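Undergrad: Following this line is target-v1.cif, made up of mmCIF, C-alpha atoms:
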data_data
#
loop_
_atom_site.label_atom_id
_atom_site.label_comp_id
_atom_site.auth_asym_id
_atom_site.auth_seq_id
_atom_site.Cartn_x
_atom_site.Cartn_y
_atom_site.Cartn_z
CA MET A 1 -148.06 -221.87 17.57
CA GLN A 2 -146.33 -223.04 20.74
CA PHE A 3 -143.66 -225.71 20.34
CA SER A 4 -142.02 -227.52 23.20
CA SER A 5 -138.81 -228.00 21.20
CA VAL A 6 -136.57 -225.34 19.68
CA LEU A 7 -135.24 -227.84 17.11
CA LEU A 8 -138.78 -228.51 15.92
CA GLU A 9 -139.64 -224.82 15.91
CA ASN A 10 -136.60 -223.93 13.79
CA ALA A 11 -137.34 -226.65 11.26
CA VAL A 12 -140.95 -225.44 10.94
CA LYS A 13 -139.69 -221.88 10.50
CA GLU A 14 -137.38 -222.93 7.65
CA PHE A 15 -140.11 -224.83 5.83
CA SER A 16 -142.63 -222.02 6.18
CA SER A 17 -140.17 -219.64 4.51
CA LEU A 18 -140.83 -221.52 1.26
CA PRO A 19 -143.44 -220.04 -1.12
CA GLY A 20 -146.97 -221.37 -0.62
CA ILE A 21 -146.07 -223.26 2.58
CA GLY A 22 -147.87 -221.96 5.67
CA LYS A 23 -147.13 -222.81 9.30
CA LYS A 24 -149.56 -225.74 9.44
CA THR A 25 -148.24 -227.34 6.26
CA ALA A 26 -144.68 -226.77 7.45
CA LEU A 27 -145.48 -228.57 10.71
CA ARG A 28 -147.02 -231.47 8.78
CA LEU A 29 -143.88 -231.81 6.65
CA VAL A 30 -141.55 -231.61 9.66
CA LEU A 31 -143.54 -234.22 11.59
CA HIS A 32 -143.42 -236.43 8.50
CA LEU A 33 -139.62 -236.12 8.36
CA LEU A 34 -139.44 -236.81 12.09
CA LYS A 35 -141.07 -240.18 11.45
CA GLN A 36 -138.53 -241.14 8.75
CA GLU A 37 -135.24 -242.92 9.32
CA PRO A 38 -132.38 -240.52 10.24
CA ASN A 39 -130.41 -241.38 7.08
CA THR A 40 -133.44 -240.67 4.86
CA VAL A 41 -133.64 -237.17 6.33
CA GLN A 42 -129.87 -236.76 6.08
CA ARG A 43 -130.09 -237.61 2.37
CA PHE A 44 -132.95 -235.14 1.89
CA SER A 45 -130.87 -232.43 3.53
CA ASP A 46 -127.67 -233.28 1.62
CA VAL A 47 -129.36 -233.37 -1.79
CA ILE A 48 -130.87 -229.89 -1.26
CA ALA A 49 -127.59 -228.37 -0.07
CA LYS A 50 -125.65 -230.03 -2.89
CA MET A 51 -128.14 -228.83 -5.49
CA ARG A 52 -127.66 -225.20 -4.46
CA SER A 53 -123.91 -225.32 -4.05
CA GLU A 54 -122.98 -227.36 -7.12
CA ILE A 55 -125.51 -226.42 -9.77
CA LYS A 56 -124.20 -224.18 -12.55
CA PHE A 57 -125.71 -222.22 -15.37
CA CYS A 58 -124.83 -223.18 -18.93
CA GLN A 59 -122.32 -220.69 -20.33
CA ARG A 60 -124.02 -220.84 -23.71
CA CYS A 61 -127.77 -220.83 -23.02
CA CYS A 62 -128.09 -219.97 -19.29
CA ASN A 63 -130.08 -223.15 -18.60
CA VAL A 64 -129.28 -225.11 -15.41
CA ALA A 65 -126.33 -227.42 -15.89
CA ASP A 66 -124.26 -229.90 -13.92
CA GLY A 67 -121.10 -228.67 -15.67
CA ASP A 68 -120.12 -225.64 -17.75
CA ILE A 69 -122.41 -226.62 -20.62
CA CYS A 70 -125.92 -228.02 -20.17
CA SER A 71 -126.96 -231.43 -21.47
CA VAL A 72 -129.03 -229.88 -24.30
CA CYS A 73 -126.12 -227.81 -25.64
CA ALA A 74 -123.75 -230.75 -25.24
CA ASN A 75 -126.01 -233.08 -27.22
CA SER A 76 -124.69 -233.19 -30.81
CA SER A 77 -127.83 -234.94 -32.11
CA ARG A 78 -129.86 -231.77 -31.47
CA LYS A 79 -130.09 -228.96 -34.01
CA GLN A 80 -127.54 -226.55 -32.61
CA ASP A 81 -128.50 -223.81 -35.09
CA GLN A 82 -132.09 -223.57 -33.83
CA ILE A 83 -132.67 -221.51 -30.66
CA CYS A 84 -135.88 -221.48 -28.65
CA VAL A 85 -136.00 -218.30 -26.56
CA VAL A 86 -137.74 -218.82 -23.19
CA GLU A 87 -138.27 -216.82 -20.02
CA SER A 88 -137.17 -219.33 -17.37
CA ILE A 89 -135.78 -222.76 -16.59
CA ARG A 90 -139.34 -223.87 -15.86
CA ASP A 91 -140.27 -223.25 -19.50
CA VAL A 92 -137.32 -225.36 -20.69
CA ILE A 93 -138.60 -228.23 -18.54
CA ALA A 94 -142.15 -227.76 -19.90
CA ILE A 95 -140.97 -227.82 -23.54
CA GLU A 96 -138.56 -230.72 -22.97
CA SER A 97 -141.44 -232.70 -21.46
CA THR A 98 -143.39 -232.45 -24.76
CA GLN A 99 -140.48 -234.26 -26.53
CA GLN A 100 -141.41 -232.28 -29.64
CA PHE A 101 -138.42 -229.96 -29.85
CA ASN A 102 -134.99 -230.94 -31.03
CA GLY A 103 -133.11 -227.63 -31.02
CA THR A 104 -131.43 -225.65 -28.25
CA TYR A 105 -132.62 -223.00 -25.80
CA HIS A 106 -131.74 -219.55 -24.57
CA VAL A 107 -133.05 -218.67 -21.12
CA LEU A 108 -133.62 -214.91 -20.80
CA GLY A 109 -134.16 -215.00 -17.02
CA GLY A 110 -137.33 -212.89 -17.28
CA VAL A 111 -139.10 -210.54 -19.69
CA ILE A 112 -138.90 -206.78 -20.22
CA SER A 113 -141.21 -205.20 -17.65
CA PRO A 114 -140.64 -201.49 -16.96
CA LEU A 115 -143.25 -201.51 -14.16
CA ASP A 116 -141.15 -204.06 -12.24
CA GLY A 117 -137.97 -202.21 -13.13
CA ILE A 118 -136.73 -204.93 -15.48
CA GLY A 119 -135.09 -203.58 -18.63
CA PRO A 120 -133.21 -205.39 -21.44
CA GLY A 121 -129.93 -204.91 -19.53
CA GLN A 122 -130.99 -207.25 -16.73
CA LEU A 123 -131.89 -210.07 -19.12
CA GLN A 124 -129.74 -212.41 -21.18
CA ILE A 125 -130.52 -210.52 -24.41
CA GLU A 126 -126.99 -209.30 -25.13
CA SER A 127 -125.65 -212.84 -24.79
CA LEU A 128 -128.39 -214.06 -27.15
CA LEU A 129 -127.48 -211.51 -29.83
CA THR A 130 -123.77 -212.30 -29.54
CA ARG A 131 -124.52 -216.01 -29.72
CA ILE A 132 -126.69 -215.67 -32.83
CA GLN A 133 -124.01 -213.72 -34.69
CA LYS A 134 -121.18 -215.99 -33.60
CA GLU A 135 -122.93 -219.29 -34.23
CA LYS A 136 -124.71 -218.32 -37.48
CA THR A 137 -128.05 -219.48 -36.10
CA GLU A 138 -130.70 -220.43 -38.66
CA GLU A 139 -133.90 -220.07 -36.66
CA ILE A 140 -135.11 -218.26 -33.55
CA ILE A 141 -138.35 -219.51 -32.00
CA PHE A 142 -139.90 -217.26 -29.37
CA ALA A 143 -141.70 -219.30 -26.70
CA LEU A 144 -142.61 -216.53 -24.27
CA ASN A 145 -145.79 -216.18 -22.27
CA ALA A 146 -148.57 -214.41 -24.18
CA THR A 147 -148.55 -211.26 -22.05
CA ILE A 148 -147.83 -207.62 -22.86
CA GLN A 149 -144.37 -208.06 -21.31
CA GLY A 150 -143.74 -211.16 -23.41
CA ASP A 151 -144.82 -209.41 -26.59
CA THR A 152 -142.68 -206.34 -25.74
CA THR A 153 -139.66 -208.60 -25.30
CA ILE A 154 -140.28 -210.31 -28.64
CA TYR A 155 -140.65 -206.91 -30.32
CA TYR A 156 -137.42 -205.60 -28.76
CA ILE A 157 -135.28 -208.60 -29.69
CA GLN A 158 -136.79 -208.90 -33.17
CA LYS A 159 -135.89 -205.25 -33.88
CA LYS A 160 -132.30 -205.98 -32.89
CA LEU A 161 -132.18 -208.95 -35.24
CA GLN A 162 -133.35 -207.07 -38.33
CA GLY A 163 -131.14 -207.61 -41.32
CA LEU A 164 -129.67 -210.89 -40.07
CA PRO A 165 -130.25 -213.89 -42.36
CA LEU A 166 -132.40 -215.98 -40.03
CA ARG A 167 -135.94 -217.23 -39.68
CA ILE A 168 -137.83 -215.75 -36.71
CA THR A 169 -140.97 -217.49 -35.50
CA THR A 170 -143.14 -217.68 -32.40
CA ILE A 171 -145.06 -220.61 -31.00
CA ALA A 172 -148.69 -220.74 -32.18
CA ARG A 173 -151.37 -219.00 -30.16
CA GLY A 174 -154.94 -220.27 -30.38
CA ILE A 175 -157.62 -222.35 -28.77
CA SER A 176 -156.11 -225.01 -26.48
CA PHE A 177 -156.41 -228.58 -27.63
CA GLY A 178 -159.69 -229.83 -26.15
CA GLY A 179 -160.74 -226.26 -25.32
CA GLU A 180 -164.27 -225.06 -25.98
CA LEU A 181 -164.93 -221.97 -28.08
CA GLU A 182 -167.54 -220.49 -25.78
CA TYR A 183 -165.10 -220.37 -22.84
CA ALA A 184 -162.17 -218.91 -24.81
CA ASP A 185 -161.43 -215.22 -24.19
CA GLU A 186 -162.12 -212.77 -27.02
CA MET A 187 -158.45 -211.99 -27.62
CA THR A 188 -157.52 -215.65 -28.09
CA LEU A 189 -160.55 -216.44 -30.25
CA GLY A 190 -160.05 -213.27 -32.33
CA ARG A 191 -156.38 -214.00 -32.94
CA SER A 192 -157.03 -217.63 -33.76
CA LEU A 193 -159.49 -216.51 -36.45
CA GLN A 194 -156.94 -214.08 -37.89
CA ASN A 195 -154.19 -216.70 -37.89
CA ARG A 196 -156.35 -219.46 -39.34
CA LEU A 197 -154.56 -222.40 -40.93
CA PRO A 198 -155.13 -224.04 -44.31
CA ILE A 199 -156.94 -227.26 -43.50
CA GLU A 200 -154.13 -229.39 -44.99
CA ASN A 201 -151.66 -228.02 -42.41
CA TYR A 202 -154.05 -228.85 -39.62
CA MET A 203 -154.58 -232.41 -40.85
CA VAL A 204 -150.87 -233.04 -41.18
CA LYS A 205 -150.20 -231.81 -37.68
CA ASN A 206 -152.78 -234.00 -35.94
CA MET B 207 -140.78 -234.15 -16.56
CA GLN B 208 -137.46 -233.81 -18.34
CA PHE B 209 -134.69 -232.01 -16.46
CA SER B 210 -131.39 -231.02 -17.99
CA SER B 211 -129.61 -231.33 -14.62
CA VAL B 212 -129.31 -234.38 -12.40
CA LEU B 213 -128.75 -232.18 -9.32
CA LEU B 214 -132.05 -230.41 -10.00
CA GLU B 215 -133.85 -233.67 -10.70
CA ASN B 216 -132.66 -235.24 -7.45
CA ALA B 217 -133.73 -232.22 -5.40
CA VAL B 218 -137.20 -232.29 -7.01
CA LYS B 219 -137.43 -236.01 -6.28
CA GLU B 220 -136.62 -235.47 -2.59
CA PHE B 221 -139.20 -232.70 -2.21
CA SER B 222 -141.90 -234.65 -3.99
CA SER B 223 -141.43 -237.52 -1.51
CA LEU B 224 -143.02 -235.26 1.13
CA PRO B 225 -146.77 -235.72 1.76
CA GLY B 226 -149.01 -233.44 -0.30
CA ILE B 227 -146.15 -232.19 -2.48
CA GLY B 228 -146.47 -233.16 -6.13
CA LYS B 229 -143.83 -232.86 -8.85
CA LYS B 230 -144.90 -229.36 -9.95
CA THR B 231 -144.91 -227.97 -6.41
CA ALA B 232 -141.56 -229.65 -5.73
CA LEU B 233 -140.09 -227.97 -8.80
CA ARG B 234 -141.45 -224.59 -7.66
CA LEU B 235 -139.84 -225.03 -4.23
CA VAL B 236 -136.51 -226.14 -5.71
CA LEU B 237 -136.40 -223.23 -8.17
CA HIS B 238 -137.18 -220.90 -5.26
CA LEU B 239 -134.24 -222.31 -3.28
CA LEU B 240 -132.04 -222.02 -6.36
CA LYS B 241 -132.70 -218.26 -6.35
CA GLN B 242 -131.68 -217.89 -2.69
CA GLU B 243 -128.18 -217.20 -1.40
CA PRO B 244 -126.10 -220.39 -0.97
CA ASN B 245 -125.78 -219.89 2.81
CA THR B 246 -129.57 -219.50 3.19
CA VAL B 247 -130.04 -222.90 1.53
CA GLN B 248 -127.19 -224.38 3.58
CA ARG B 249 -128.95 -223.20 6.76
CA PHE B 250 -132.26 -224.68 5.55
CA SER B 251 -130.55 -227.99 4.96
CA ASP B 252 -128.62 -227.97 8.25
CA VAL B 253 -131.66 -227.13 10.38
CA ILE B 254 -133.66 -230.03 8.90
CA ALA B 255 -130.81 -232.55 9.37
CA LYS B 256 -130.14 -231.31 12.91
CA MET B 257 -133.81 -231.52 13.84
CA ARG B 258 -133.98 -235.20 12.87
CA SER B 259 -130.68 -236.23 14.39
CA GLU B 260 -130.83 -234.31 17.68
CA ILE B 261 -134.50 -234.26 18.62
CA LYS B 262 -135.44 -236.57 21.50
CA PHE B 263 -138.65 -237.81 23.00
CA CYS B 264 -139.43 -236.86 26.61
CA GLN B 265 -138.80 -239.87 28.86
CA ARG B 266 -141.83 -238.97 30.93
CA CYS B 267 -144.55 -237.94 28.47
CA CYS B 268 -143.19 -238.94 25.02
CA ASN B 269 -143.55 -235.38 23.71
CA VAL B 270 -140.75 -233.99 21.52
CA ALA B 271 -137.90 -232.61 23.60
CA ASP B 272 -134.51 -230.99 23.14
CA GLY B 273 -133.16 -232.96 26.11
CA ASP B 274 -134.26 -235.99 28.16
CA ILE B 275 -137.29 -234.17 29.57
CA CYS B 276 -139.54 -231.83 27.55
CA SER B 277 -140.04 -228.19 28.44
CA VAL B 278 -143.59 -228.85 29.71
CA CYS B 279 -142.50 -231.58 32.16
CA ALA B 280 -139.50 -229.51 33.24
CA ASN B 281 -141.64 -226.46 34.04
CA SER B 282 -142.36 -226.46 37.80
CA SER B 283 -145.05 -223.78 37.51
CA ARG B 284 -147.29 -226.25 35.67
CA LYS B 285 -149.60 -228.68 37.49
CA GLN B 286 -147.50 -231.85 37.35
CA ASP B 287 -150.34 -233.98 38.76
CA GLN B 288 -152.69 -233.24 35.88
CA ILE B 289 -152.17 -235.27 32.67
CA CYS B 290 -153.80 -234.51 29.35
CA VAL B 291 -153.76 -237.66 27.19
CA VAL B 292 -153.35 -236.90 23.49
CA GLU B 293 -152.78 -238.88 20.31
CA SER B 294 -149.84 -237.01 18.79
CA ILE B 295 -147.32 -234.21 19.12
CA ARG B 296 -149.52 -232.16 16.79
CA ASP B 297 -152.28 -232.21 19.42
CA VAL B 298 -149.85 -230.98 22.09
CA ILE B 299 -148.99 -228.02 19.85
CA ALA B 300 -152.69 -227.32 19.22
CA ILE B 301 -153.53 -227.34 22.95
CA GLU B 302 -150.45 -225.31 23.92
CA SER B 303 -151.46 -222.71 21.35
CA THR B 304 -154.76 -222.12 23.20
CA GLN B 305 -152.76 -221.11 26.32
CA GLN B 306 -155.65 -222.50 28.39
CA PHE B 307 -153.98 -225.59 29.85
CA ASN B 308 -151.48 -225.58 32.66
CA GLY B 309 -150.94 -229.29 33.30
CA THR B 310 -148.74 -231.87 31.57
CA TYR B 311 -149.26 -234.24 28.63
CA HIS B 312 -148.93 -237.86 27.73
CA VAL B 313 -148.53 -238.59 24.01
CA LEU B 314 -149.94 -242.03 23.11
CA GLY B 315 -148.49 -242.05 19.60
CA GLY B 316 -151.80 -243.13 18.06
CA VAL B 317 -155.12 -244.67 19.03
CA ILE B 318 -156.32 -248.25 19.26
CA SER B 319 -157.38 -249.27 15.75
CA PRO B 320 -157.66 -253.03 15.11
CA LEU B 321 -158.37 -252.44 11.40
CA ASP B 322 -154.96 -250.78 11.02
CA GLY B 323 -153.35 -253.41 13.23
CA ILE B 324 -152.73 -251.01 16.11
CA GLY B 325 -153.35 -252.54 19.53
CA PRO B 326 -152.70 -251.18 23.03
CA GLY B 327 -149.22 -252.71 22.99
CA GLN B 328 -147.99 -250.40 20.26
CA LEU B 329 -149.10 -247.27 22.11
CA GLN B 330 -147.69 -245.51 25.17
CA ILE B 331 -150.48 -246.86 27.39
CA GLU B 332 -148.33 -249.00 29.67
CA SER B 333 -146.03 -246.03 30.35
CA LEU B 334 -149.10 -243.89 31.13
CA LEU B 335 -150.44 -246.40 33.67
CA THR B 336 -147.03 -246.75 35.35
CA ARG B 337 -146.65 -242.98 35.45
CA ILE B 338 -150.09 -242.44 37.03
CA GLN B 339 -149.40 -244.95 39.81
CA LYS B 340 -145.88 -243.69 40.47
CA GLU B 341 -146.67 -239.98 40.42
CA LYS B 342 -150.02 -240.12 42.27
CA THR B 343 -151.72 -238.17 39.48
CA GLU B 344 -154.90 -236.27 40.47
CA GLU B 345 -156.60 -235.82 37.11
CA ILE B 346 -156.56 -237.43 33.67
CA ILE B 347 -158.07 -235.41 30.82
CA PHE B 348 -158.66 -237.29 27.58
CA ALA B 349 -158.20 -235.01 24.56
CA LEU B 350 -158.53 -237.57 21.77
CA ASN B 351 -160.22 -237.12 18.41
CA ALA B 352 -163.96 -237.84 18.52
CA THR B 353 -163.79 -241.00 16.42
CA ILE B 354 -164.68 -244.61 17.15
CA GLN B 355 -160.93 -245.33 17.57
CA GLY B 356 -160.57 -242.41 19.98
CA ASP B 357 -163.56 -243.53 22.03
CA THR B 358 -162.29 -247.13 22.10
CA THR B 359 -158.96 -245.92 23.44
CA ILE B 360 -160.63 -243.85 26.15
CA TYR B 361 -162.77 -246.86 27.14
CA TYR B 362 -159.74 -249.18 27.28
CA ILE B 363 -157.57 -246.89 29.40
CA GLN B 364 -160.44 -245.89 31.66
CA LYS B 365 -161.14 -249.57 32.43
CA LYS B 366 -157.50 -250.02 33.43
CA LEU B 367 -157.71 -247.03 35.76
CA GLN B 368 -160.76 -248.27 37.68
CA GLY B 369 -160.30 -248.18 41.41
CA LEU B 370 -157.53 -245.57 41.37
CA PRO B 371 -158.29 -242.36 43.29
CA LEU B 372 -158.26 -239.92 40.39
CA ARG B 373 -160.60 -237.73 38.43
CA ILE B 374 -161.09 -238.80 34.81
CA THR B 375 -162.53 -236.29 32.34
CA THR B 376 -162.69 -235.72 28.60
CA ILE B 377 -162.72 -232.46 26.68
CA ALA B 378 -166.22 -231.19 25.87
CA ARG B 379 -167.88 -232.19 22.61
CA GLY B 380 -170.50 -229.92 21.08
CA ILE B 381 -171.25 -227.28 18.50
CA SER B 382 -168.09 -225.34 17.57
CA PHE B 383 -167.90 -221.75 18.71
CA GLY B 384 -169.43 -219.70 15.85
CA GLY B 385 -170.86 -222.88 14.30
CA GLU B 386 -174.40 -222.96 12.93
CA LEU B 387 -176.86 -225.58 14.12
CA GLU B 388 -178.23 -226.39 10.67
CA TYR B 389 -174.78 -227.43 9.41
CA ALA B 390 -173.82 -229.52 12.45
CA ASP B 391 -173.96 -233.27 11.96
CA GLU B 392 -176.65 -235.23 13.81
CA MET B 393 -174.21 -236.99 16.14
CA THR B 394 -172.67 -233.74 17.35
CA LEU B 395 -176.00 -231.97 17.73
CA GLY B 396 -177.55 -234.99 19.46
CA ARG B 397 -174.68 -235.32 21.94
CA SER B 398 -174.60 -231.61 22.63
CA LEU B 399 -178.28 -231.76 23.58
CA GLN B 400 -177.64 -234.73 25.89
CA ASN B 401 -174.70 -233.02 27.54
CA ARG B 402 -176.38 -229.65 27.92
CA LEU B 403 -174.93 -227.26 30.49
CA PRO B 404 -176.66 -225.29 33.25
CA ILE B 405 -176.79 -221.74 31.91
CA GLU B 406 -174.65 -220.42 34.81
CA ASN B 407 -171.74 -222.65 33.73
CA TYR B 408 -172.00 -221.36 30.19
CA MET B 409 -172.03 -217.73 31.29
CA VAL B 410 -168.97 -218.17 33.50
CA LYS B 411 -167.02 -219.83 30.72
CA ASN B 412 -167.62 -217.12 28.11
#
Once more with this new file: its structure as structure tokens, please.

TA:
Amino acid sequence: MQFSSVLLENAVKEFSSLPGIGKKTALRLVLHLLKQEPNTVQRFSDVIAKMRSEIKFCQRCCNVADGDICSVCANSSRKQDQICVVESIRDVIAIESTQQFNGTYHVLGGVISPLDGIGPGQLQIESLLTRIQKEKTEEIIFALNATIQGDTTIYYIQKKLQGLPLRITTIARGISFGGELEYADEMTLGRSLQNRLPIENYMVKN
Amino acid sequence: MQFSSVLLENAVKEFSSLPGIGKKTALRLVLHLLKQEPNTVQRFSDVIAKMRSEIKFCQRCCNVADGDICSVCANSSRKQDQICVVESIRDVIAIESTQQFNGTYHVLGGVISPLDGIGPGQLQIESLLTRIQKEKTEEIIFALNATIQGDTTIYYIQKKLQGLPLRITTIARGISFGGELEYADEMTLGRSLQNRLPIENYMVKN
């Protein structure tokens, strides 16, 4: 692409460095901003810079936080002795959006994946174990993606927790709500048969 | 979506105000920036703010410019008496990218569209007419989108130019290069039959 302005070209270059944004989309976004009021664009720019420079990670659960402790950990009406173990901040947002969970989180920052060179040492596993022992946690809920890496991570942490007096669970796997049996993969359908529920449990839940 | 950080939430809100960016994509972009070095994000933010505050519009052709005159108008090796009339800056970039045009531009900033309340007065038509008379332009090339609004605009300007000693042309309409006849719409195919070329012209051009 040939631009007749270096300022425009640089802005397009910055936008197209973002994931999933190509040159054409970047140009569309820049031309959109060019049409906005200068103070609107200044606010856009300030908010992004401020987000990166001022955001912190919760010292207890590694979630994003505006201070030293995130709003979930600081909220005394939540069950502080229940920890939901997730891979990333994105998963915290997904679970919070269901409004069905009233405990706290622990963000691992990834899952064990030897092929990508990620071992337990690079994840927030040590801090999780220390936290569980210190806080006398009652329940650990694993909410990791249902992949081999996710399962490996659950297995690894669960081994480390053996002997501690706590309940360890994982979120249910099965056919999605509204999903059709014939389109479900064999693994999911097979497991959901194995882990079938007494009908009373099902009725209570729905 | 429930965020546990106001800084994060504000950044997502700003990104999702851009066209074609929903909340989920905005979150993906923000989490990507959160993983980058602080100075990378600061540069991103600065470049965007600088683009909006410092960019100017060429006093001659209304194209984007870093100074009072754009780089196309300032380039003496280009044919300054040939004006290509386009709708927007995006079209200038598209034509420049072909590297097939060596004249100058005039950016109208839209096309005449009574339904959207856009009349000739809101477009850079007056400045085009003044420029043509002042500069003794030799050729006007209309490169507007092939829509009713585009054609109306061509008709309007062309009427105003009657009597002036200049060549008025429009870019060719026809079947796209590599396009298949059976998928072309009737209008395009019909017009491309009407405006058929002597075979010698075609051979020279390819």

Undergrad: As a list in words, could you give me every residue of chain A near chain B (at most 6 Å apart, counting only C-alpha atoms)?

TA: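 So the contacting residues turn out to be Met1, Gln2, Phe3, Ser4, Ser5, Leu7, Ala11, Glu14, Leu34, Gln42, Phe44, Ser45, Val47, Ile48, Ala49, Met51, Arg52, Ala65, Asp66, Ser71, Ile93, Glu96 and Ser97 of chain A.
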
Undergrad: When the PyMOL selection byres ((chain B and resi 365-372) around 7) is applied to the structure above, which residues does it catch, written out as a count of residues only?

TA: 9

Undergrad: Rounded to one decimal, what separation in Å do you get between CA of Gly103 in chain A and CA of Cys58 in chain A?

TA: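 Computed distance, CA of Gly103 in chain A to CA of Cys58 in chain A, equals 15.3 Å.
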
Undergrad: Expressed in Å to a single decimal, how great is the separation between CA of Gly121 in chain A and CA of Thr170 in chain A?

TA: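 According to the coordinates, CA of Gly121 in chain A and CA of Thr170 in chain A are separated by 22.4 Å.
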
Undergrad: Could you tell me how far CA of Leu144 in chain A lies from CA of Gly110 in chain A, in Å and to one decimal?

TA: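 If I compute the distance from CA of Leu144 in chain A to CA of Gly110 in chain A, I get 9.5 Å.
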
Undergrad: Between B:Asp287, B:Gly385, B:Asp274, B:Leu399, which residue has the minimum interatomic distance to Lys340 in chain B, considering all atoms listed in the file?

TA: B:Asp287

Undergrad: Using all atoms listed in the file, determine which residues lie at most 9 Å from Glu87 in chain A, disregarding the query and same-chain residues fewer than 6 positions distant; provide the list as a list in words.

TA: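 Using all atoms listed in the file, the neighbours found are His106, Val107, Leu108, Gly109, Gly110, Val111, Ala143, Leu144, Asn145 and Gly150 of chain A.
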